[in-house]
Amino acid sequence: MAINTGMSWCHAFLIVCLVPLAHLATATERQIFPPVLPDILHGNYLAGHGGADHTEKIFNVLDFGAVTNGKKDSALSLIRTWIAACRGTHTGKSRVVIPEGTFKAGPVIFQGPCTSKKPIIVEIRGTVLGANDLSLYKEPSWILIERVDGVIVTGRGTLDGQGSSVWKHVESCSGSNCSPLPPNLKFNRVTNGVIRGINSLHPKGVHIFITESQNIRVHWVQIEAPATSPNTDGIHISDSNNVRIARTRISTGDDCVGMIQGSTNIAINKVFCGPGHGISVGSLGKYETENDVRGIVVKNCTFNNTDNGIRIKSWPGSQPSLATGMIFRDLIMQNVKNPIIIDQEYGCNDKCNKAPSKVKISNVHYINVKGTTSSDIAVDLICSSHSPCEDIELRDIDLKYVGPKKVRTSSQCKNAKIGYGGIQNPPACR
């Protein structure tokens, strides 16, 4: 069911795109976008942290026993360096330096709180290789930063998870036999954190995992894994507020950015995605008592040869939750299979008889989405019969089919209340 509800309500949402999420003023906007805690990095020239200044104390991992032969496990040396910089006798500015060279490391925990002056800086200049022995990873993390208020991970170095050694095990496991594999970098309960300039290669699990965190920025990061690598999300976000991702290039085997339960005030700008599975909200409803997703803005992004462009997905038979207040605008699709898709029957085949999803999707705006698709169904909105999608806006959509068929693009809509405006290619659902 597709219902043209008119466009009188859409203009207020265009304003939202023009102001930072933390400064929205109206009562309606405050309901959609949750409050943001004080951000000590706001207005800070983050690029200035790329090199040390004379007021910082340098903590070089070589001075704590790390070895650059790429064979000896230097994890303990990295941890000792962090402890000295974070909560040693020095209370001024601290910088942990991983210098040029190739290091090998098993699980590393950089844990706070720190007594040094905020923010503590971790500068990666060399390459860190993840140990291949999965028995070393008692928890699903490799480089873990947790319980820190004020941390900047910067540099032109590389975290290489060497994931190809374990991907074959992912492909052969199923159900409860599959345990999460360690991401290259995980922020857990971090407040006021920055990831800037580094490279992430071939993770065992996802590249960057941000969870239970607040005021996080990811800028100028290069993320790369083969298109065939399993479950290698570029940036995976859960239960986090005020996360901003910008000027980042992601080529991987799963979602370029995945935002699951509890993701609020997420801003994604000038990201290149491809190959990969696009930018996804969800999957949602997999677990009981999931937190709502609110306040997602994705703009000025390019998708190249991806399976999906913008996707919202929820499991059938899910418990009630909300996914609301989302704006996707000024997006370029280049040979994308499913440019615009809502799938509330995620993981269900044609014969699936599970109960409908109870995730309520509303206030979703697709504005100025243009380019090419390899599918003749360019707009595919399959919503829940229990909780139909409401206040969906499609404005200025222009998606051309470039596949082998001699057809034009079309739309498919189910259980969705949609308002249209401007160019509609494919034609609107009726």
# chains A, B, ... in the order shown; residues from 1 in each chain; ligands from 1
$ residues_around --residues "Gly205 of chain A" --least-positions-apart "6" --cutoff "6 Å" --atoms "only C-alpha atoms" --output "PyMOL selection string"
chain A and resi 181-183+232
$ write_last_selection --atoms "N, CA and C atoms" --output "tab-separated table (two decimals), in the first residue's frame"
chain	number	residue	atom	x	y	z
A	181	LEU	N	34.02	-12.52	15.82
A	181	LEU	CA	35.48	-12.43	15.66
A	181	LEU	C	35.94	-11.02	15.99
A	182	PRO	N	37.19	-10.87	16.40
A	182	PRO	CA	37.66	-9.57	16.89
A	182	PRO	C	37.74	-8.51	15.79
A	183	PRO	N	37.19	-7.32	16.05
A	183	PRO	CA	37.39	-6.20	15.13
A	183	PRO	C	38.81	-5.68	15.22
A	232	THR	N	32.66	-8.38	7.50
A	232	THR	CA	33.70	-7.37	7.74
A	232	THR	C	33.13	-5.96	7.58
$ closest_atom_pairs --of "segment 176-198 of chain A" --to "segment 237-241 of chain A" --cutoff "12 Å" --atoms "only C-alpha atoms" --output "CSV"
residue,atom,partner,partner_atom,distance
A:Lys186,CA,A:Ile237,CA,10.1
A:Phe187,CA,A:Ile237,CA,9.7
A:Asn188,CA,A:Ser240,CA,9.5
A:Arg189,CA,A:Ser240,CA,8.7
A:Val190,CA,A:Ser240,CA,9.4
A:Thr191,CA,A:Asn241,CA,9.7
A:Asn192,CA,A:Asn241,CA,10.7
A:Gly193,CA,A:Asn241,CA,11.9
$ write_last_selection --atoms "N, CA, C and O atoms" --output "short mmCIF file (atom, residue, chain, number, x, y, z; two decimals), in the first residue's frame"
data_model
loop_
_atom_site.label_atom_id
_atom_site.label_comp_id
_atom_site.auth_asym_id
_atom_site.auth_seq_id
_atom_site.Cartn_x
_atom_site.Cartn_y
_atom_site.Cartn_z
N LYS A 186 38.22 -1.36 18.52
CA LYS A 186 36.94 -1.26 19.21
C LYS A 186 36.97 -0.15 20.24
O LYS A 186 37.89 -0.08 21.06
N PHE A 187 35.99 0.74 20.18
CA PHE A 187 35.74 1.74 21.21
C PHE A 187 34.57 1.24 22.06
O PHE A 187 33.46 1.09 21.56
N ASN A 188 34.82 1.01 23.33
CA ASN A 188 33.78 0.57 24.25
C ASN A 188 33.72 1.54 25.42
O ASN A 188 34.70 1.74 26.13
N ARG A 189 32.57 2.19 25.59
CA ARG A 189 32.38 3.16 26.67
C ARG A 189 33.43 4.27 26.61
O ARG A 189 34.02 4.65 27.62
N VAL A 190 33.63 4.76 25.41
CA VAL A 190 34.54 5.89 25.18
C VAL A 190 33.70 7.15 25.02
O VAL A 190 32.69 7.15 24.32
N THR A 191 34.14 8.21 25.66
CA THR A 191 33.52 9.52 25.50
C THR A 191 34.55 10.48 24.92
O THR A 191 35.70 10.48 25.37
N ASN A 192 34.14 11.27 23.93
CA ASN A 192 35.04 12.24 23.30
C ASN A 192 36.25 11.54 22.68
O ASN A 192 37.39 11.68 23.14
N GLY A 193 35.98 10.76 21.64
CA GLY A 193 37.04 10.01 20.97
C GLY A 193 37.12 10.35 19.49
O GLY A 193 36.13 10.70 18.85
#
$ residues_around --residues "segment 270-274 of chain A" --least-positions-apart "4" --cutoff "10 Å" --atoms "only C-alpha atoms" --output "MDAnalysis selection string"
chainID A and resid 219:224 227 234 245:257 278:279 298:309 330:334 336
$ select_by_dssp --residues "segment 168-299 of chain A" --states "helix (DSSP H, G or I)" --output "ChimeraX atom specification"
/A:168-172,175-177
$ residues_around --residues "Trp167 of chain A" --least-positions-apart "2" --cutoff "9 Å" --atoms "only C-alpha atoms" --output "JSON, numbers by chain"
{"A": [163, 164, 165, 169, 170, 171, 172, 204, 205, 229, 230, 231]}
$ write_last_selection --atoms "N, CA and C atoms" --output "mmCIF file, in the first residue's frame"
data_model
loop_
_atom_site.group_PDB
_atom_site.id
_atom_site.type_symbol
_atom_site.label_atom_id
_atom_site.label_comp_id
_atom_site.auth_asym_id
_atom_site.auth_seq_id
_atom_site.Cartn_x
_atom_site.Cartn_y
_atom_site.Cartn_z
ATOM 1 N N GLY A 163 42.871 -11.092 8.547
ATOM 2 C CA GLY A 163 41.652 -11.869 8.673
ATOM 3 C C GLY A 163 41.508 -13.030 7.716
ATOM 4 N N SER A 164 42.262 -13.013 6.615
ATOM 5 C CA SER A 164 42.106 -14.093 5.635
ATOM 6 C C SER A 164 42.421 -15.452 6.239
ATOM 7 N N SER A 165 43.175 -15.465 7.342
ATOM 8 C CA SER A 165 43.524 -16.729 7.983
ATOM 9 C C SER A 165 42.326 -17.374 8.680
ATOM 10 N N HIS A 169 36.709 -20.101 8.315
ATOM 11 C CA HIS A 169 35.962 -20.660 9.439
ATOM 12 C C HIS A 169 34.602 -19.978 9.575
ATOM 13 N N VAL A 170 34.536 -18.688 9.246
ATOM 14 C CA VAL A 170 33.272 -17.961 9.302
ATOM 15 C C VAL A 170 32.295 -18.535 8.290
ATOM 16 N N GLU A 171 32.787 -18.828 7.119
ATOM 17 C CA GLU A 171 31.922 -19.314 6.045
ATOM 18 C C GLU A 171 31.369 -20.705 6.345
ATOM 19 N N SER A 172 32.068 -21.480 7.184
ATOM 20 C CA SER A 172 31.655 -22.862 7.434
ATOM 21 C C SER A 172 30.844 -23.029 8.706
ATOM 22 N N LYS A 204 39.582 -9.631 11.158
ATOM 23 C CA LYS A 204 38.954 -10.942 11.359
ATOM 24 C C LYS A 204 37.439 -10.769 11.459
ATOM 25 N N GLY A 205 37.008 -9.729 12.186
ATOM 26 C CA GLY A 205 35.597 -9.393 12.283
ATOM 27 C C GLY A 205 35.339 -8.094 11.541
ATOM 28 N N SER A 229 35.084 -11.008 1.697
ATOM 29 C CA SER A 229 35.393 -11.248 3.115
ATOM 30 C C SER A 229 34.101 -11.209 3.931
ATOM 31 N N PRO A 230 33.846 -12.214 4.784
ATOM 32 C CA PRO A 230 32.553 -12.318 5.476
ATOM 33 C C PRO A 230 32.478 -11.460 6.737
ATOM 34 N N ASN A 231 31.356 -10.780 6.917
ATOM 35 C CA ASN A 231 31.056 -10.049 8.159
ATOM 36 C C ASN A 231 32.099 -8.990 8.517
#
$ atom_distance --atom1 "atom CA of Arg156 of chain A" --atom2 "atom CA of Gly126 of chain A"
7.7 Å
$ residues_around --residues "segment 392-398 of chain A" --least-positions-apart "2" --cutoff "9 Å" --atoms "only C-alpha atoms" --output "list in words"
Met7, Cys10, Ile361, Ser362, Asn363, Val364, His365, Tyr366, Ile367, Asn368, Val369, Lys370, Gly371, Thr372, Cys389, Glu390, Lys400, Ala416, Lys417, Ile418, Gly419, Tyr420, Gly421, Gly422, Ile423, Gln424, Asn425, Pro426 and Ala428 of chain A
$ residues_around --residues "segment 356-360 of chain A" --least-positions-apart "2" --cutoff "9 Å" --atoms "only C-alpha atoms" --output "number ranges by chain"
A: 284-285, 314-324, 344-345, 353-354, 362, 383-390
$ atom_distance --atom1 "atom CA of Asp391 of chain A" --atom2 "atom CA of Ile268 of chain A"
21.8 Å
$ select_by_dssp --residues "segment 245-426 of chain A" --states "strand (DSSP E)" --output "MDAnalysis selection string"
chainID A and resid 245:251 257:259 264:273 279:284 293:299 302:304 308:314 321:336 338:343 359:373 377:382 389:401 410:414 416:425
$ closest_residue --among "A:Lys71, A:Pro107, A:Ile195, A:Thr91" --to "Glu123 of chain A" --atoms "only C-alpha atoms"
A:Ile195
$ residues_around --residues "Phe64 of chain A" --least-positions-apart "5" --cutoff "8 Å" --atoms "only C-alpha atoms" --output "VMD selection string"
chain A and resid 77 to 78 80 to 81
$ write_last_selection --atoms "N, CA, C and O atoms" --output "mmCIF file, in the first residue's frame"
data_model
loop_
_atom_site.group_PDB
_atom_site.id
_atom_site.type_symbol
_atom_site.label_atom_id
_atom_site.label_comp_id
_atom_site.auth_asym_id
_atom_site.auth_seq_id
_atom_site.Cartn_x
_atom_site.Cartn_y
_atom_site.Cartn_z
ATOM 1 N N SER A 77 53.893 -5.160 25.511
ATOM 2 C CA SER A 77 54.655 -3.919 25.433
ATOM 3 C C SER A 77 53.744 -2.742 25.110
ATOM 4 O O SER A 77 53.889 -1.645 25.669
ATOM 5 N N LEU A 78 52.777 -2.963 24.216
ATOM 6 C CA LEU A 78 51.823 -1.900 23.896
ATOM 7 C C LEU A 78 50.968 -1.553 25.116
ATOM 8 O O LEU A 78 50.705 -0.375 25.402
ATOM 9 N N ARG A 80 51.790 -1.966 28.319
ATOM 10 C CA ARG A 80 52.630 -1.273 29.306
ATOM 11 C C ARG A 80 52.834 0.189 28.921
ATOM 12 O O ARG A 80 52.843 1.084 29.777
ATOM 13 N N THR A 81 53.007 0.432 27.638
ATOM 14 C CA THR A 81 53.175 1.809 27.168
ATOM 15 C C THR A 81 51.930 2.630 27.480
ATOM 16 O O THR A 81 52.008 3.768 27.964
#
$ atom_distance --atom1 "atom CA of Gly197 of chain A" --atom2 "atom CA of Asp73 of chain A"
24.7 Å
$ closest_residue --among "A:Gln214, A:Gln412, A:Gln162, A:Ser283" --to "Asn265 of chain A" --atoms "only C-alpha atoms"
A:Gln214
$ decode --residues "segment 372-383 of chain A" --atoms "all heavy atoms" --output "PDB file, in the first residue's frame"
ATOM      1  N   THR A 372      22.877   5.183 -11.098  1.00  0.00           N
ATOM      2  CA  THR A 372      22.521   4.006 -11.880  1.00  0.00           C
ATOM      3  C   THR A 372      22.382   2.786 -10.976  1.00  0.00           C
ATOM      4  O   THR A 372      22.994   2.695  -9.911  1.00  0.00           O
ATOM      5  CB  THR A 372      23.577   3.719 -12.955  1.00  0.00           C
ATOM      6  OG1 THR A 372      24.865   3.511 -12.331  1.00  0.00           O
ATOM      7  CG2 THR A 372      23.678   4.875 -13.934  1.00  0.00           C
ATOM      8  N   THR A 373      21.574   1.839 -11.464  1.00  0.00           N
ATOM      9  CA  THR A 373      21.339   0.613 -10.711  1.00  0.00           C
ATOM     10  C   THR A 373      21.371  -0.586 -11.635  1.00  0.00           C
ATOM     11  O   THR A 373      20.988  -0.495 -12.810  1.00  0.00           O
ATOM     12  CB  THR A 373      19.983   0.672  -9.979  1.00  0.00           C
ATOM     13  OG1 THR A 373      19.718  -0.604  -9.379  1.00  0.00           O
ATOM     14  CG2 THR A 373      18.841   1.021 -10.922  1.00  0.00           C
ATOM     15  N   SER A 374      21.813  -1.718 -11.112  1.00  0.00           N
ATOM     16  CA  SER A 374      21.826  -2.955 -11.880  1.00  0.00           C
ATOM     17  C   SER A 374      20.539  -3.751 -11.703  1.00  0.00           C
ATOM     18  O   SER A 374      20.392  -4.835 -12.262  1.00  0.00           O
ATOM     19  CB  SER A 374      23.023  -3.813 -11.456  1.00  0.00           C
ATOM     20  OG  SER A 374      22.960  -4.098 -10.067  1.00  0.00           O
ATOM     21  N   SER A 375      19.601  -3.213 -10.924  1.00  0.00           N
ATOM     22  CA  SER A 375      18.320  -3.879 -10.695  1.00  0.00           C
ATOM     23  C   SER A 375      17.193  -3.071 -11.328  1.00  0.00           C
ATOM     24  O   SER A 375      17.225  -1.835 -11.321  1.00  0.00           O
ATOM     25  CB  SER A 375      18.065  -4.030  -9.189  1.00  0.00           C
ATOM     26  OG  SER A 375      16.749  -4.487  -8.944  1.00  0.00           O
ATOM     27  N   ASP A 376      16.187  -3.757 -11.849  1.00  0.00           N
ATOM     28  CA  ASP A 376      15.060  -3.022 -12.411  1.00  0.00           C
ATOM     29  C   ASP A 376      14.124  -2.505 -11.310  1.00  0.00           C
ATOM     30  O   ASP A 376      13.272  -1.666 -11.562  1.00  0.00           O
ATOM     31  CB  ASP A 376      14.297  -3.873 -13.424  1.00  0.00           C
ATOM     32  CG  ASP A 376      13.814  -5.184 -12.837  1.00  0.00           C
ATOM     33  OD1 ASP A 376      14.439  -5.653 -11.871  1.00  0.00           O
ATOM     34  OD2 ASP A 376      12.823  -5.738 -13.331  1.00  0.00           O
ATOM     35  N   ILE A 377      14.271  -3.008 -10.067  1.00  0.00           N
ATOM     36  CA  ILE A 377      13.523  -2.467  -8.928  1.00  0.00           C
ATOM     37  C   ILE A 377      14.483  -1.586  -8.132  1.00  0.00           C
ATOM     38  O   ILE A 377      15.288  -2.070  -7.332  1.00  0.00           O
ATOM     39  CB  ILE A 377      12.942  -3.574  -8.035  1.00  0.00           C
ATOM     40  CG1 ILE A 377      12.014  -4.474  -8.854  1.00  0.00           C
ATOM     41  CG2 ILE A 377      12.181  -2.976  -6.854  1.00  0.00           C
ATOM     42  CD1 ILE A 377      11.462  -5.649  -8.069  1.00  0.00           C
ATOM     43  N   ALA A 378      14.420  -0.291  -8.370  1.00  0.00           N
ATOM     44  CA  ALA A 378      15.383   0.634  -7.766  1.00  0.00           C
ATOM     45  C   ALA A 378      14.943   1.113  -6.390  1.00  0.00           C
ATOM     46  O   ALA A 378      15.772   1.481  -5.565  1.00  0.00           O
ATOM     47  CB  ALA A 378      15.598   1.836  -8.689  1.00  0.00           C
ATOM     48  N   VAL A 379      13.636   1.154  -6.165  1.00  0.00           N
ATOM     49  CA  VAL A 379      13.092   1.546  -4.862  1.00  0.00           C
ATOM     50  C   VAL A 379      12.253   0.382  -4.365  1.00  0.00           C
ATOM     51  O   VAL A 379      11.229   0.032  -4.970  1.00  0.00           O
ATOM     52  CB  VAL A 379      12.250   2.831  -4.968  1.00  0.00           C
ATOM     53  CG1 VAL A 379      11.590   3.145  -3.635  1.00  0.00           C
ATOM     54  CG2 VAL A 379      13.105   3.995  -5.434  1.00  0.00           C
ATOM     55  N   ASP A 380      12.684  -0.221  -3.267  1.00  0.00           N
ATOM     56  CA  ASP A 380      12.058  -1.445  -2.773  1.00  0.00           C
ATOM     57  C   ASP A 380      11.744  -1.267  -1.288  1.00  0.00           C
ATOM     58  O   ASP A 380      12.630  -1.399  -0.435  1.00  0.00           O
ATOM     59  CB  ASP A 380      13.008  -2.624  -2.995  1.00  0.00           C
ATOM     60  CG  ASP A 380      12.330  -3.973  -2.808  1.00  0.00           C
ATOM     61  OD1 ASP A 380      11.120  -3.998  -2.548  1.00  0.00           O
ATOM     62  OD2 ASP A 380      13.033  -4.998  -2.913  1.00  0.00           O
ATOM     63  N   LEU A 381      10.497  -0.936  -0.984  1.00  0.00           N
ATOM     64  CA  LEU A 381      10.102  -0.625   0.394  1.00  0.00           C
ATOM     65  C   LEU A 381       9.117  -1.686   0.875  1.00  0.00           C
ATOM     66  O   LEU A 381       7.919  -1.624   0.608  1.00  0.00           O
ATOM     67  CB  LEU A 381       9.470   0.770   0.458  1.00  0.00           C
ATOM     68  CG  LEU A 381      10.291   1.919  -0.151  1.00  0.00           C
ATOM     69  CD1 LEU A 381       9.552   3.243   0.002  1.00  0.00           C
ATOM     70  CD2 LEU A 381      11.679   1.996   0.469  1.00  0.00           C
ATOM     71  N   ILE A 382       9.634  -2.670   1.579  1.00  0.00           N
ATOM     72  CA  ILE A 382       8.818  -3.763   2.099  1.00  0.00           C
ATOM     73  C   ILE A 382       8.729  -3.594   3.611  1.00  0.00           C
ATOM     74  O   ILE A 382       9.662  -3.917   4.349  1.00  0.00           O
ATOM     75  CB  ILE A 382       9.414  -5.138   1.737  1.00  0.00           C
ATOM     76  CG1 ILE A 382       9.624  -5.232   0.223  1.00  0.00           C
ATOM     77  CG2 ILE A 382       8.510  -6.256   2.246  1.00  0.00           C
ATOM     78  CD1 ILE A 382       8.372  -5.042  -0.596  1.00  0.00           C
ATOM     79  N   CYS A 383       7.612  -3.055   4.070  1.00  0.00           N
ATOM     80  CA  CYS A 383       7.423  -2.734   5.486  1.00  0.00           C
ATOM     81  C   CYS A 383       6.545  -3.775   6.158  1.00  0.00           C
ATOM     82  O   CYS A 383       5.993  -4.664   5.518  1.00  0.00           O
ATOM     83  CB  CYS A 383       6.833  -1.331   5.625  1.00  0.00           C
ATOM     84  SG  CYS A 383       7.922  -0.031   4.980  1.00  0.00           S
TER      85      CYS A 383
END
